[in-house]
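Note: the block below is data11.cif and it holds mmCIF, C-alpha atoms.
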data_protein
loop_
_atom_site.label_atom_id
_atom_site.label_comp_id
_atom_site.auth_asym_id
_atom_site.auth_seq_id
_atom_site.Cartn_x
_atom_site.Cartn_y
_atom_site.Cartn_z
CA MET Y 1 124.04 94.15 88.73
CA ASN Y 2 127.54 93.38 89.81
CA GLU Y 3 126.60 93.18 93.42
CA GLU Y 4 123.97 90.49 92.80
CA THR Y 5 126.58 88.36 91.03
CA THR Y 6 129.10 88.62 93.80
CA SER Y 7 126.43 87.89 96.35
CA ARG Y 8 125.66 84.61 94.63
CA LEU Y 9 129.28 83.65 94.36
CA PRO Y 10 131.04 85.21 97.32
CA ASP Y 11 134.76 84.69 97.49
CA PRO Y 12 135.94 82.71 100.52
CA ASP Y 13 136.84 85.78 102.58
CA GLN Y 14 133.53 87.41 101.83
CA ALA Y 15 131.67 84.24 102.67
CA HIS Y 16 133.52 84.00 105.95
CA LEU Y 17 132.70 87.57 106.92
CA GLN Y 18 129.08 87.01 106.02
CA THR Y 19 129.00 83.93 108.23
CA LEU Y 20 130.35 85.94 111.14
CA SER Y 21 127.63 88.52 110.54
CA ALA Y 22 125.01 85.81 110.41
CA TRP Y 23 126.36 84.47 113.70
CA VAL Y 24 125.87 87.86 115.33
CA ASP Y 25 122.37 88.08 113.88
CA ASN Y 26 121.39 84.58 114.90
CA GLU Y 27 120.75 83.56 111.32
CA LEU Y 28 122.74 80.33 111.30
CA SER Y 29 121.55 76.76 111.53
CA ASP Y 30 122.66 74.67 114.51
CA ALA Y 31 125.31 72.92 112.44
CA GLU Y 32 126.73 76.18 111.11
CA ARG Y 33 126.69 77.64 114.55
CA ALA Y 34 128.76 74.80 115.95
CA VAL Y 35 131.42 75.44 113.30
CA VAL Y 36 131.57 79.14 114.08
CA VAL Y 37 131.86 78.51 117.80
CA GLU Y 38 135.00 76.51 117.18
CA GLN Y 39 136.45 79.13 114.84
CA LEU Y 40 135.83 81.91 117.29
CA ALA Y 41 137.50 79.97 120.06
CA SER Y 42 140.64 79.55 118.02
CA ASP Y 43 140.83 82.82 116.10
CA PRO Y 44 141.21 86.01 118.13
CA GLN Y 45 140.82 88.14 115.00
CA ASP Y 46 137.42 86.65 114.33
CA SER Y 47 136.28 87.07 117.88
CA ALA Y 48 137.44 90.69 117.85
CA ARG Y 49 135.48 91.21 114.65
CA VAL Y 50 132.33 89.70 116.13
CA ALA Y 51 132.75 91.88 119.19
CA ASP Y 52 133.01 94.92 116.90
CA TYR Y 53 129.84 93.96 115.07
CA ARG Y 54 128.02 93.59 118.37
CA ALA Y 55 129.36 96.93 119.57
CA GLN Y 56 128.04 98.54 116.38
CA ASN Y 57 124.59 97.11 117.04
CA ALA Y 58 124.65 98.27 120.64
CA ALA Y 59 125.77 101.73 119.58
CA LEU Y 60 122.98 101.99 117.01
CA LYS Y 61 120.42 101.05 119.64
CA ALA Y 62 121.85 103.57 122.08
CA LEU Y 63 121.93 106.26 119.43
CA PHE Y 64 118.43 105.64 118.20
CA ALA Y 65 116.19 104.90 121.11
CA THR Y 66 112.54 104.83 120.27
CA PRO Y 67 111.47 108.45 120.38
CA GLN Y 68 109.43 109.19 123.47
CA ASP Y 69 109.89 112.90 123.47
CA ASN Y 70 107.57 115.19 121.66
CA VAL Y 71 104.55 113.37 120.46
CA ARG Y 72 103.84 114.45 116.99
CA CYS Y 73 100.42 113.98 115.56
CA ILE Y 74 100.08 112.16 112.32
CA PHE Y 75 97.27 113.90 110.55
CA LEU Y 76 95.35 111.72 108.18
CA PRO Y 77 92.29 112.92 106.39
CA ARG Y 78 90.40 110.05 104.94
CA ARG Y 79 90.06 110.13 101.24
CA ALA Y 80 87.36 109.28 98.83
CA PRO Y 81 86.59 106.19 96.81
CA LEU Y 82 88.47 103.33 98.45
CA TRP Y 83 87.30 104.40 101.83
CA ARG Y 84 83.79 104.67 100.65
CA ARG Y 85 83.95 101.17 99.32
CA ALA Y 86 85.58 99.84 102.42
CA GLY Y 87 83.28 102.09 104.34
CA ALA Y 88 80.83 100.29 106.54
CA ALA Y 89 82.06 102.20 109.57
CA GLY Y 90 79.05 104.47 109.29
CA GLY Y 91 78.79 107.81 107.65
CA TRP Y 92 81.24 109.62 109.83
CA LEU Y 93 84.88 108.80 109.92
CA ALA Y 94 87.34 110.33 112.26
CA ALA Y 95 90.55 111.78 110.98
CA GLY Y 96 93.61 113.03 112.65
CA LEU Y 97 93.43 110.51 115.42
CA LEU Y 98 96.51 108.59 114.57
CA CYS Y 99 98.84 109.86 117.17
CA GLY Y 100 101.76 107.76 118.23
CA LEU Y 101 100.64 108.30 121.77
CA ALA Y 102 97.65 109.93 123.28
CA SER Y 103 97.95 113.66 123.00
CA GLY Y 104 94.48 114.86 123.69
CA TRP Y 105 94.19 116.44 120.30
CA LEU Y 106 91.48 115.13 118.13
CA GLY Y 107 91.25 116.18 114.58
CA PRO Y 108 88.24 117.49 112.80
CA TYR Y 109 85.79 115.17 111.26
CA PHE Y 110 85.65 114.36 107.64
CA SER Y 111 82.77 112.80 105.91
CA ASP Y 112 82.64 110.83 102.73
CA ASP Y 113 79.04 111.61 101.92
CA GLN Y 114 78.74 115.35 102.10
CA PRO Y 115 75.39 116.84 101.21
CA ALA Y 116 75.19 118.66 97.90
CA PHE Y 117 74.84 122.05 99.54
CA ALA Y 118 78.19 121.69 101.34
CA LYS Y 119 79.96 120.89 98.10
CA ARG Y 120 78.24 123.77 96.34
CA ALA Y 121 79.24 126.07 99.19
CA ASP Y 122 82.80 124.89 98.94
CA ILE Y 123 82.89 125.44 95.20
CA ALA Y 124 81.21 128.82 95.51
CA TYR Y 125 83.97 129.83 97.90
CA ALA Y 126 86.61 128.68 95.46
CA VAL Y 127 84.96 130.66 92.66
CA TYR Y 128 84.17 133.93 94.39
CA ALA Y 129 86.69 134.30 97.22
CA PRO Y 130 89.58 135.10 94.83
CA GLU Y 131 87.42 137.58 92.92
CA GLN Y 132 88.97 141.02 93.13
CA ARG Y 133 86.60 143.27 91.24
CA HIS Y 134 83.24 141.65 91.88
CA PRO Y 135 83.42 139.51 94.99
CA VAL Y 136 79.82 140.33 95.87
CA GLU Y 137 76.66 141.48 94.11
CA VAL Y 138 75.51 143.74 96.90
CA ALA Y 139 78.10 145.36 99.15
CA ALA Y 140 77.91 145.54 102.91
CA ALA Y 141 77.36 149.29 102.62
CA GLU Y 142 73.83 148.37 101.69
CA GLU Y 143 73.51 145.71 104.34
CA GLU Y 144 69.84 146.24 104.99
CA HIS Y 145 69.01 145.94 101.33
CA LEU Y 146 71.28 142.90 101.03
CA ILE Y 147 69.61 141.07 103.91
CA ASN Y 148 66.10 141.92 102.76
CA TRP Y 149 66.82 140.90 99.22
CA LEU Y 150 68.39 137.54 100.10
CA SER Y 151 65.75 136.85 102.77
CA LYS Y 152 63.04 137.42 100.20
CA ARG Y 153 64.66 135.17 97.63
CA LEU Y 154 65.28 132.37 100.11
CA ASP Y 155 61.89 132.94 101.67
CA ARG Y 156 63.46 132.96 105.14
CA PRO Y 157 64.58 135.75 107.42
CA LEU Y 158 68.35 135.75 107.11
CA THR Y 159 71.03 137.49 109.11
CA ALA Y 160 74.71 137.94 108.45
CA PRO Y 161 76.35 137.19 111.80
CA SER Y 162 79.23 139.34 112.90
CA LEU Y 163 82.73 137.88 112.71
CA GLN Y 164 84.29 141.10 113.91
CA GLU Y 165 85.67 139.28 116.92
CA TYR Y 166 87.87 137.31 114.55
CA GLY Y 167 88.88 140.33 112.52
CA TYR Y 168 86.54 139.66 109.61
CA THR Y 169 84.07 142.22 108.35
CA LEU Y 170 81.20 141.68 106.00
CA VAL Y 171 82.03 142.50 102.38
CA GLY Y 172 78.57 141.78 101.02
CA GLY Y 173 76.65 138.94 99.50
CA ARG Y 174 75.30 137.35 96.39
CA LEU Y 175 72.52 135.10 95.28
CA LEU Y 176 73.47 131.73 93.84
CA PRO Y 177 71.60 128.82 92.32
CA GLY Y 178 71.46 125.94 94.81
CA GLU Y 179 70.51 122.31 94.50
CA THR Y 180 66.86 122.74 95.40
CA GLY Y 181 66.45 126.50 95.17
CA PRO Y 182 68.29 129.75 95.65
CA ALA Y 183 71.26 130.06 97.98
CA ALA Y 184 72.82 133.08 99.64
CA GLN Y 185 76.52 133.66 100.00
CA PHE Y 186 77.83 136.18 102.49
CA MET Y 187 81.45 137.13 102.15
CA TYR Y 188 83.75 138.34 104.91
CA GLN Y 189 87.27 139.65 104.71
CA ASN Y 190 90.00 140.43 107.24
CA GLY Y 191 92.74 143.04 107.22
CA LYS Y 192 95.06 140.76 105.29
CA GLY Y 193 92.53 140.30 102.54
CA GLU Y 194 91.72 136.72 103.56
CA ARG Y 195 88.15 135.78 102.92
CA LEU Y 196 85.48 133.58 104.40
CA THR Y 197 82.08 132.81 103.02
CA LEU Y 198 78.88 131.80 104.75
CA TYR Y 199 76.59 129.89 102.43
CA VAL Y 200 72.92 129.49 103.32
CA THR Y 201 70.27 127.47 101.54
CA ALA Y 202 67.24 125.31 102.24
CA ALA Y 203 68.25 121.78 103.20
CA ALA Y 204 66.20 118.64 102.93
CA LYS Y 205 66.93 117.06 106.29
CA ASP Y 206 66.31 118.79 109.54
CA THR Y 207 69.36 117.42 111.27
CA THR Y 208 71.94 119.36 113.19
CA ALA Y 209 74.98 117.52 111.97
CA PHE Y 210 78.20 119.49 112.00
CA ARG Y 211 80.89 118.37 109.63
CA LEU Y 212 83.99 119.39 107.82
CA LEU Y 213 84.63 119.25 104.14
CA ASN Y 214 88.27 119.68 103.36
CA ASP Y 215 89.63 120.15 99.92
CA GLY Y 216 93.32 120.86 100.05
CA LYS Y 217 93.82 124.42 101.21
CA ARG Y 218 90.26 125.40 101.86
CA SER Y 219 87.90 123.96 104.41
CA THR Y 220 84.18 124.10 104.83
CA PHE Y 221 82.31 123.49 108.05
CA TYR Y 222 78.65 122.80 107.48
CA TRP Y 223 75.59 122.01 109.49
CA VAL Y 224 71.84 121.87 109.14
CA ASN Y 225 69.43 123.58 111.46
CA GLN Y 226 65.66 123.85 111.15
CA GLY Y 227 65.53 123.11 107.47
CA MET Y 228 68.40 125.36 106.52
CA GLY Y 229 71.86 124.26 105.49
CA TYR Y 230 74.79 126.47 106.47
CA ALA Y 231 78.38 126.26 105.36
CA LEU Y 232 81.32 128.37 106.47
CA SER Y 233 84.30 128.17 104.10
CA GLY Y 234 87.76 129.60 104.34
CA GLN Y 235 91.46 129.06 104.00
CA THR Y 236 92.30 129.77 107.59
CA SER Y 237 93.33 126.98 109.95
CA VAL Y 238 90.76 124.28 110.53
CA ALA Y 239 90.74 124.89 114.28
CA ARG Y 240 90.11 128.61 113.80
CA LEU Y 241 87.45 128.04 111.20
CA ARG Y 242 85.81 125.58 113.54
CA SER Y 243 85.53 128.03 116.39
CA MET Y 244 84.12 130.64 114.02
CA ALA Y 245 81.62 128.10 112.71
CA ILE Y 246 80.54 127.34 116.26
CA ASP Y 247 79.91 131.03 116.89
CA VAL Y 248 78.08 131.46 113.60
CA CYS Y 249 75.92 128.41 114.26
CA SER Y 250 75.06 129.76 117.66
CA ALA Y 251 74.33 133.24 116.33
CA LEU Y 252 71.96 131.76 113.76
CA GLY Y 253 69.90 129.93 116.37
CA GLY Y 254 71.65 126.57 116.08
CA HIS Y 255 72.82 124.42 118.91
CA PRO Y 256 76.56 123.94 118.66
CA GLU Y 257 76.76 122.52 122.20
CA ALA Y 258 76.35 119.08 120.70
CA TRP Y 259 79.57 119.31 118.76
CA ARG Y 260 81.53 121.77 120.79
CA MET J 1 89.39 100.82 112.24
CA SER J 2 91.68 98.01 113.23
CA PHE J 3 94.13 98.76 110.46
CA GLU J 4 94.76 102.21 111.89
CA ALA J 5 95.05 100.78 115.38
CA ASP J 6 97.60 98.25 114.15
CA MET J 7 99.52 100.94 112.34
CA VAL J 8 99.62 103.26 115.33
CA VAL J 9 101.51 100.61 117.23
CA TRP J 10 104.34 100.84 114.74
CA LEU J 11 104.56 104.60 114.44
CA PRO J 12 107.17 105.10 117.19
CA ALA J 13 109.33 102.36 115.67
CA LEU J 14 108.93 103.91 112.24
CA ARG J 15 110.06 107.24 113.63
CA ARG J 16 113.11 105.67 115.20
CA TYR J 17 114.08 104.00 111.97
CA ALA J 18 113.39 107.13 109.94
CA ARG J 19 115.57 109.18 112.26
CA ALA J 20 118.39 106.70 112.02
CA LEU J 21 118.11 106.48 108.27
CA THR J 22 117.94 110.20 107.56
CA GLY J 23 119.90 111.57 110.51
CA ASP J 24 117.37 114.38 110.55
CA ALA J 25 114.47 114.44 113.01
CA ALA J 26 112.32 116.82 110.98
CA TRP J 27 112.82 114.91 107.78
CA ALA J 28 112.12 111.69 109.67
CA ASP J 29 108.81 113.01 110.99
CA ASP J 30 107.77 114.05 107.51
CA LEU J 31 108.72 110.63 106.23
CA VAL J 32 106.58 108.92 108.85
CA GLN J 33 103.68 111.22 108.06
CA ASP J 34 104.00 110.45 104.35
CA THR J 35 104.34 106.76 105.09
CA ALA J 36 101.22 106.69 107.23
CA GLU J 37 99.23 108.53 104.60
CA ARG J 38 100.36 106.28 101.82
CA ALA J 39 99.69 103.21 103.93
CA LEU J 40 96.14 104.35 104.63
CA ASN J 41 95.55 104.92 100.97
CA ARG J 42 96.86 101.53 100.06
CA TRP J 43 96.00 99.30 102.94
CA HIS J 44 93.70 97.29 100.70
CA THR J 45 96.80 96.08 98.84
CA LEU J 46 98.22 94.57 102.02
CA GLN J 47 97.80 90.81 102.06
CA PRO J 48 96.12 89.61 105.25
CA GLN J 49 98.97 87.30 106.20
CA SER J 50 101.77 89.72 105.42
CA ASN J 51 103.81 91.57 107.99
CA LEU J 52 102.49 95.06 108.61
CA ARG J 53 105.74 96.39 110.01
CA ALA J 54 107.75 95.16 107.04
CA TRP J 55 105.17 96.63 104.70
CA LEU J 56 105.33 100.02 106.43
CA LEU J 57 109.11 99.96 106.31
CA THR J 58 108.96 99.19 102.61
CA ILE J 59 106.75 102.20 102.00
CA LEU J 60 108.97 104.41 104.12
CA ARG J 61 112.03 103.27 102.24
CA HIS J 62 110.52 104.02 98.83
CA LEU J 63 109.56 107.48 99.99
CA TYR J 64 113.00 108.05 101.42
CA ILE J 65 114.75 107.05 98.23
CA ASP J 66 112.46 109.34 96.25
CA GLN J 67 113.05 112.24 98.57
CA LEU J 68 116.76 111.63 98.71
CA ARG J 69 116.98 111.99 94.96
CA LYS J 70 115.23 115.30 95.15
CA ARG J 71 117.38 116.70 97.88
CA ARG J 72 120.68 118.29 97.27
CA GLU J 73 123.76 116.39 98.13
CA ILE J 74 124.73 116.46 101.78
CA ALA J 75 128.35 116.84 102.63
CA VAL J 76 129.18 114.55 105.51
CA ASP J 77 131.82 116.85 106.87
CA ASP J 78 129.49 119.79 106.96
CA ASP J 79 129.22 121.20 110.46
CA SER J 80 125.58 121.95 109.86
CA ALA J 81 124.81 118.37 108.83
CA PRO J 82 121.71 117.32 110.72
CA TRP J 83 123.22 114.48 112.77
CA ARG J 84 125.71 116.84 114.36
CA THR J 85 122.86 118.50 116.17
CA MET J 86 120.98 115.36 117.10
CA ALA J 87 120.29 114.59 120.74
CA ALA J 88 123.21 113.55 122.85
CA PRO J 89 123.57 109.78 122.99
CA ALA J 90 122.47 107.74 126.00
CA ASP J 91 125.01 107.59 128.75
CA GLU J 92 125.59 103.90 129.37
CA VAL J 93 127.79 103.57 126.34
CA ASP J 94 130.83 105.70 125.77
CA GLY J 95 129.57 108.93 124.28
CA LEU J 96 132.62 109.55 122.13
CA PHE J 97 132.35 106.10 120.61
CA LEU J 98 128.71 106.76 119.85
CA LEU J 99 129.55 109.99 118.11
CA ASP J 100 132.08 108.14 116.00
CA VAL J 101 129.53 105.48 115.16
CA GLN J 102 127.03 108.16 114.27
CA ARG J 103 129.49 109.88 111.98
CA ALA J 104 130.57 106.63 110.39
CA LEU J 105 126.98 105.58 109.80
CA TYR J 106 126.38 108.54 107.52
CA CYS J 107 129.56 107.85 105.62
CA LEU J 108 128.06 104.60 104.43
CA PRO J 109 126.28 104.48 101.12
CA VAL J 110 122.53 104.40 101.63
CA GLU J 111 122.25 100.74 100.56
CA GLN J 112 124.66 99.71 103.27
CA ARG J 113 123.23 102.02 105.90
CA GLU J 114 119.67 100.82 105.48
CA VAL J 115 120.64 97.15 105.72
CA LEU J 116 122.75 97.79 108.79
CA LEU J 117 119.88 99.64 110.45
CA LEU J 118 117.22 97.13 109.52
CA VAL J 119 119.28 94.28 110.93
CA GLY J 120 121.30 95.90 113.70
CA LEU J 121 118.74 98.38 114.98
CA GLU J 122 115.37 97.01 113.94
CA GLU J 123 116.46 93.39 114.42
CA LEU J 124 114.65 92.15 111.37
CA SER J 125 115.53 88.78 109.86
CA TYR J 126 117.54 88.65 106.65
CA GLN J 127 114.46 87.30 104.94
CA GLN J 128 112.35 90.25 106.07
CA VAL J 129 115.01 92.73 105.02
CA ALA J 130 115.25 91.03 101.63
CA SER J 131 111.54 91.46 101.09
CA ILE J 132 111.58 95.08 102.23
CA LEU J 133 114.43 95.92 99.90
CA ASN J 134 113.18 93.62 97.19
CA VAL J 135 116.58 91.97 96.74
CA PRO J 136 117.78 88.39 97.27
CA VAL J 137 118.87 87.33 100.75
CA GLY J 138 122.39 86.94 99.40
CA THR J 139 122.46 90.63 98.55
CA VAL J 140 121.30 91.52 102.04
CA MET J 141 124.14 89.46 103.46
CA SER J 142 126.78 90.98 101.23
CA ARG J 143 125.61 94.53 101.85
CA LEU J 144 125.42 93.94 105.57
CA SER J 145 128.86 92.41 105.67
CA ARG J 146 130.33 95.30 103.71
CA ALA J 147 128.52 97.80 105.90
CA ARG J 148 129.96 96.31 109.07
CA GLU J 149 133.45 96.11 107.67
CA HIS J 150 133.11 99.64 106.35
CA MET J 151 132.06 100.82 109.81
CA ARG J 152 134.97 98.99 111.40
CA SER J 153 137.49 100.61 109.14
CA LEU J 154 135.97 104.06 109.68
CA LEU J 155 135.96 103.56 113.45
CA LYS J 156 139.52 102.34 113.46
CA GLU J 157 140.82 105.30 111.53
CA ASP J 158 143.55 107.22 113.26
CA PRO J 159 141.73 109.28 115.85
CA GLY J 160 144.25 112.07 115.18
CA SER J 161 142.70 112.59 111.77
CA LYS J 162 139.46 113.33 113.68
CA ARG J 163 137.19 113.60 110.73
CA PRO J 164 136.58 111.38 107.78
CA PRO J 165 137.40 112.85 104.41
CA LEU J 166 134.65 114.76 102.70
CA LYS J 167 132.13 112.35 101.33
CA VAL J 168 128.75 112.64 99.88
CA VAL J 169 125.77 110.70 101.09
CA GLY J 170 123.54 109.69 98.23
CA LYS J 171 123.78 110.87 94.71
CA ALA J 172 123.15 114.33 93.50
CA VAL J 173 120.43 114.43 90.96
CA LYS J 174 120.13 117.08 88.33
CA ASP J 175 116.45 117.64 88.57
CA LYS J 176 116.59 121.34 88.88
#
Have the structure of the file written as structure tokens, please.
Amino acid sequence: MNEETTSRLPDPDQAHLQTLSAWVDNELSDAERAVVVEQLASDPQDSARVADYRAQNAALKALFATPQDNVRCIFLPRRAPLWRRAGAAGGWLAAGLLCGLASGWLGPYFSDDQPAFAKRADIAYAVYAPEQRHPVEVAAAEEEHLINWLSKRLDRPLTAPSLQEYGYTLVGGRLLPGETGPAAQFMYQNGKGERLTLYVTAAAKDTTAFRLLNDGKRSTFYWVNQGMGYALSGQTSVARLRSMAIDVCSALGGHPEAWR
Amino acid sequence: MSFEADMVVWLPALRRYARALTGDAAWADDLVQDTAERALNRWHTLQPQSNLRAWLLTILRHLYIDQLRKRREIAVDDDSAPWRTMAAPADEVDGLFLLDVQRALYCLPVEQREVLLLVGLEELSYQQVASILNVPVGTVMSRLSRAREHMRSLLKEDPGSKRPPLKVVGKAVKDK
């Protein structure tokens, strides 16, 4: 590159200008500095130039003060393998907490070891939510039959909680193969045709963890309560989905107080 | 978690630099977001003894250059150019001079602007700037010197002419 060549062999004028710059930036050795001091004392043009350089620096600093104004959150979901390897920090890793300054907003929680049922729920959402002709096996018109059927297959009394408050009505449900047995998927839809699914299946651990699985556009909140795993999936905002998940958890006999 | 904590410290400075570099607050915020994400994905490549700030600036610069190529050319004389609507400069320095400096800054080619900002605004050493830009120190010095002289000549232009001639920041890329 031409520039690299000239930088190695600067002509005398160039070299002189670069020295004046280096003087302003405090990049000269003591010996070099002494020379420049003498030059500046005797050459008004040079001292004017140095003053200009300093004025430029001062102007840049005045123009671009460190932003203090609106604190903008940097939202950083943790991602898979490297984090898992580096992991150690326990199973649960916080995301969305890298704000330049405190803002009081804490992001949702992402995990790097989601249970199988949460992943299956997430995938089931991705498969069936876009379905136009057959989104469900049994429509909400036959809600009683739907609930009885799925309850029987899962061997648990199930209910499809109302999400009417959020503008979502039950479309229906279907039976799906789960990791350790059958799983039920309830589908909801709002006036704009946006869909949510509630996935229910037996879960090994009887914990009440409440976590978020986030895969690009869609998110899944999941929790386990009394031997059942629940997962609410949708493409709405994470905050909105979270508040719906809290209501659903509560409606299904869970205890969302812990993670509210 | 200490990596994140260390990085958070530099986020405001990254924003400042990004704003100065792009002249566009929204673009700058996106750049910082992208930089933070990329840094978190690659922090394992950071050598323990290396300078975190310089490393973050390097990432930000690569992203900026990439994004610049993808954006359409920006006419400096355009009244809707982002820096024309930036916040009014601080009051201790002559506001009109600052506006001239601001305008002149975006007349510089990107290579000159970034060196001027890294040295004059961020106060990094030539050596640090050389490693961020991945060029020899001599190149940093020549670019910096040209940038300052370029700024001087732009600032000394006849004030009657008011505006610099139409110039284009960055190169248009035919990727569409």
Between CA of Gly178 in chain Y and CA of Phe221 in chain Y, what is the distance, to one decimal in Å? 17.3 Å
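Residues from chain J that have an atom within 6 Å of chain Y, counting all atoms listed in the file, are Val8, Leu11, Arg16, Gln33, Pro89, Ala90, Leu98, Gly120, Leu121, Gly138, Thr139, Ser142 and Ser145 of chain J.
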Within 12 Å of (99.3, 104.9, 99.6), in the coordinates the file gives, what residues turn up when you count all atoms listed in the file, written out as a PyMOL selection string? (chain Y and resi 76+78-79+82) or (chain J and resi 33-46+55-56+58-60+62-63)
Skipping near chain neighbours, those fewer than 2 positions away, what residues fall within 7 Å of Leu154 in chain Y using all atoms listed in the file, listed as a PDB file with C-alpha atoms, keeping the file's coordinate frame?
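Saved result, part_24.pdb, follows:
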ATOM      1  CA  LEU Y 150      68.390 137.540 100.100  1.00  0.00           C
ATOM      2  CA  SER Y 151      65.750 136.850 102.770  1.00  0.00           C
ATOM      3  CA  LYS Y 152      63.040 137.420 100.200  1.00  0.00           C
ATOM      4  CA  ARG Y 156      63.460 132.960 105.140  1.00  0.00           C
ATOM      5  CA  PRO Y 182      68.290 129.750  95.650  1.00  0.00           C
ATOM      6  CA  ALA Y 183      71.260 130.060  97.980  1.00  0.00           C
TER       7      ALA Y 183
END
Picked residues, the PyMOL selection byres ((chain Y and resi 186) around 8), expected as a ChimeraX atom specification: /Y:160,170-174,184-185,187-188,197-199
Report, in Å to a single decimal, how far apart CA of Ile65 in chain J and CA of Trp27 in chain J are.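 Computing the Euclidean distance for CA of Trp27 in chain J and CA of Ile65 in chain J yields 12.5 Å.
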Nearby residues (only C-alpha atoms) at most 8 Å from Val119 in chain J, same-chain spacing under 6 positions excluded, as a ChimeraX atom specification: /Y:25 /J:125-126,129
Apply the PyMOL selection byres ((chain Y and resi 143) around 10) to the file shown and report the selected residues as a PDB file with C-alpha atoms, in the coordinates of the input.
ATOM      1  CA  VAL Y 138      75.510 143.740  96.900  1.00  0.00           C
ATOM      2  CA  ALA Y 139      78.100 145.360  99.150  1.00  0.00           C
ATOM      3  CA  ALA Y 140      77.910 145.540 102.910  1.00  0.00           C
ATOM      4  CA  ALA Y 141      77.360 149.290 102.620  1.00  0.00           C
ATOM      5  CA  GLU Y 142      73.830 148.370 101.690  1.00  0.00           C
ATOM      6  CA  GLU Y 144      69.840 146.240 104.990  1.00  0.00           C
ATOM      7  CA  HIS Y 145      69.010 145.940 101.330  1.00  0.00           C
ATOM      8  CA  LEU Y 146      71.280 142.900 101.030  1.00  0.00           C
ATOM      9  CA  ILE Y 147      69.610 141.070 103.910  1.00  0.00           C
ATOM     10  CA  ASN Y 148      66.100 141.920 102.760  1.00  0.00           C
ATOM     11  CA  TRP Y 149      66.820 140.900  99.220  1.00  0.00           C
ATOM     12  CA  THR Y 159      71.030 137.490 109.110  1.00  0.00           C
ATOM     13  CA  ALA Y 160      74.710 137.940 108.450  1.00  0.00           C
ATOM     14  CA  LEU Y 170      81.200 141.680 106.000  1.00  0.00           C
ATOM     15  CA  VAL Y 171      82.030 142.500 102.380  1.00  0.00           C
ATOM     16  CA  GLY Y 172      78.570 141.780 101.020  1.00  0.00           C
ATOM     17  CA  GLY Y 173      76.650 138.940  99.500  1.00  0.00           C
TER      18      GLY Y 173
END
Of the listed residues J:Leu133, J:Val140, J:Ala147, J:Leu96, that which approaches Pro109 in chain J most closely, counting all atoms listed in the file: J:Ala147
